[in-house]
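Below is one structure; the comments refer to it alone.
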Amino acid sequence: MRVLHIFNEINFSGAEIMYAEAAPIFQKQGFTLLALSTGKTKGNFHEQFIKNNIKVYHNPLPNSRFNLLKIYKYIIEFYKLVEKENVDIIHIHRAKWYWLFAFCGFILKRKSIRTVHNVFVN
């Protein structure tokens, strides 16, 4: 089972720490773990993911949700990533733009999970 986790930036934070620490347990169970950083940078914790055999991708989201051409381009790039990596489950950790990844999962016939980790103002 191949799981793609989608974060804003992969920073030193609760969800990222738990994910990195739990990686060996999931990998022993046969899971392949992937992470996508969608923020301006990969984040200050992405190297921990790599050390834990989590493949990390970085593709910043468009700055405007009203630029349909950029959103369309992003969807195509995301589609290619999911197909290339043969992702089974898309786990969405970010609050903003979750609808984009859930929509892509629906179109790609992949299961999507959304986890809300806190009550940030969006």
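As shown in the structure tokens, the chain order sets the letters A, B, ...; within each chain, residues go from 1, and ligands are also counted from 1 in the order they appear.
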
In segment 53-116 of chain A, DSSP strand (DSSP E) residues written as a count of residues only: 12

Gln29 of chain A surroundings by only C-alpha atoms, 10 Å radius, close-in-sequence under 5 positions cut, as an NGL selection string: :A and (1 or 23-24)

Output C-alpha atoms for every residue in the selection just made, as a compact mmCIF listing (two decimals), in the first residue's frame.
# COMPACT_ATOMS: atom_id res chain seq x y z
CA MET A 1 0.00 0.00 0.00
CA ALA A 23 7.39 5.42 9.60
CA PRO A 24 9.41 2.29 10.49

Shell around Lys55 of chain A at 10 Å using only C-alpha atoms, local window under 3 positions removed, as number ranges by chain: A: 4, 32-36, 46-47, 49-52

For Asn86 of chain A: contacts at 10 Å, only C-alpha atoms, fewer than 2 positions along chain excluded, given as a PyMOL selection string: chain A and resi 1-4+80-84+88-89+110

For the selection just defined, write its residues with C-alpha atoms to a file, as a PDB file, in the first residue's frame.
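Below you can see result_24.pdb, which holds the result:
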ATOM      1  CA  MET A   1       0.000   0.000   0.000  1.00  0.00           C
ATOM      2  CA  ARG A   2       1.411   3.367  -1.045  1.00  0.00           C
ATOM      3  CA  VAL A   3       0.326   6.396   0.985  1.00  0.00           C
ATOM      4  CA  LEU A   4       0.964  10.002  -0.035  1.00  0.00           C
ATOM      5  CA  LYS A  80       1.275  12.722 -12.792  1.00  0.00           C
ATOM      6  CA  LEU A  81       2.838  12.319  -9.341  1.00  0.00           C
ATOM      7  CA  VAL A  82       0.035  10.052  -8.092  1.00  0.00           C
ATOM      8  CA  GLU A  83       0.196   7.954 -11.258  1.00  0.00           C
ATOM      9  CA  LYS A  84       4.024   7.774 -11.286  1.00  0.00           C
ATOM     10  CA  ASP A  88      -3.287   4.065  -3.195  1.00  0.00           C
ATOM     11  CA  ILE A  89      -4.262   6.557  -0.476  1.00  0.00           C
ATOM     12  CA  ARG A 110      -7.950   6.918  -5.061  1.00  0.00           C
TER      13      ARG A 110
END

Test item, helix (DSSP H, G or I) assignment across segment 26-64 of chain A, answer as a ChimeraX atom specification: /A:26-28,46-51

For atom CA of Arg114 of chain A and atom CA of Ile92 of chain A, the interatomic separation in Å (one decimal):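 Atom CA of Arg114 of chain A sits 4.6 Å away from atom CA of Ile92 of chain A.
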
Residues near Lys96 of chain A, cut-off 9 Å, only C-alpha atoms, skip fewer than 2 positions along chain, as a ChimeraX atom specification: /A:8,94,98-99,122

Could the residues in this selection be saved with C-alpha atoms as a compact mmCIF listing (two decimals), in the first residue's frame?
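Just written: selection-v3.txt:
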# COMPACT_ATOMS: atom_id res chain seq x y z
CA ASN A 8 1.90 22.60 3.84
CA ARG A 94 -3.33 20.69 5.24
CA TYR A 98 -7.85 20.24 0.89
CA TRP A 99 -10.74 20.29 -1.57
CA ASN A 122 -8.11 29.57 7.61

Coordinates-based distance that separates atom CA of Thr41 of chain A from atom CA of Glu9 of chain A (Å, one decimal): 6.3 Å

Using only C-alpha atoms, which residues of segment 23-46 of chain A come within 6 Å of segment 57-71 of chain A, and what is the closest atom pair for each, with the distance in Å to one decimal? Give it as CSV, sorted by chain and residue number.
residue,atom,partner,partner_atom,distance
A:Leu36,CA,A:Tyr57,CA,4.7
A:Ser37,CA,A:His58,CA,4.7
A:Thr38,CA,A:Pro60,CA,4.2
A:Gly39,CA,A:Pro60,CA,4.9
A:Lys40,CA,A:Pro60,CA,5.5
A:Lys42,CA,A:His58,CA,5.8

Take the residues from that selection and put them in a file with C-alpha atoms, as a PDB file, in the first residue's frame.
ATOM      1  CA  LEU A  36       4.345  16.196  -0.571  1.00  0.00           C
ATOM      2  CA  SER A  37       5.300  19.628   0.708  1.00  0.00           C
ATOM      3  CA  THR A  38       3.008  22.216  -0.864  1.00  0.00           C
ATOM      4  CA  GLY A  39       4.355  25.343   0.883  1.00  0.00           C
ATOM      5  CA  LYS A  40       6.887  27.890  -0.322  1.00  0.00           C
ATOM      6  CA  LYS A  42      10.070  21.990   1.744  1.00  0.00           C
TER       7      LYS A  42
END
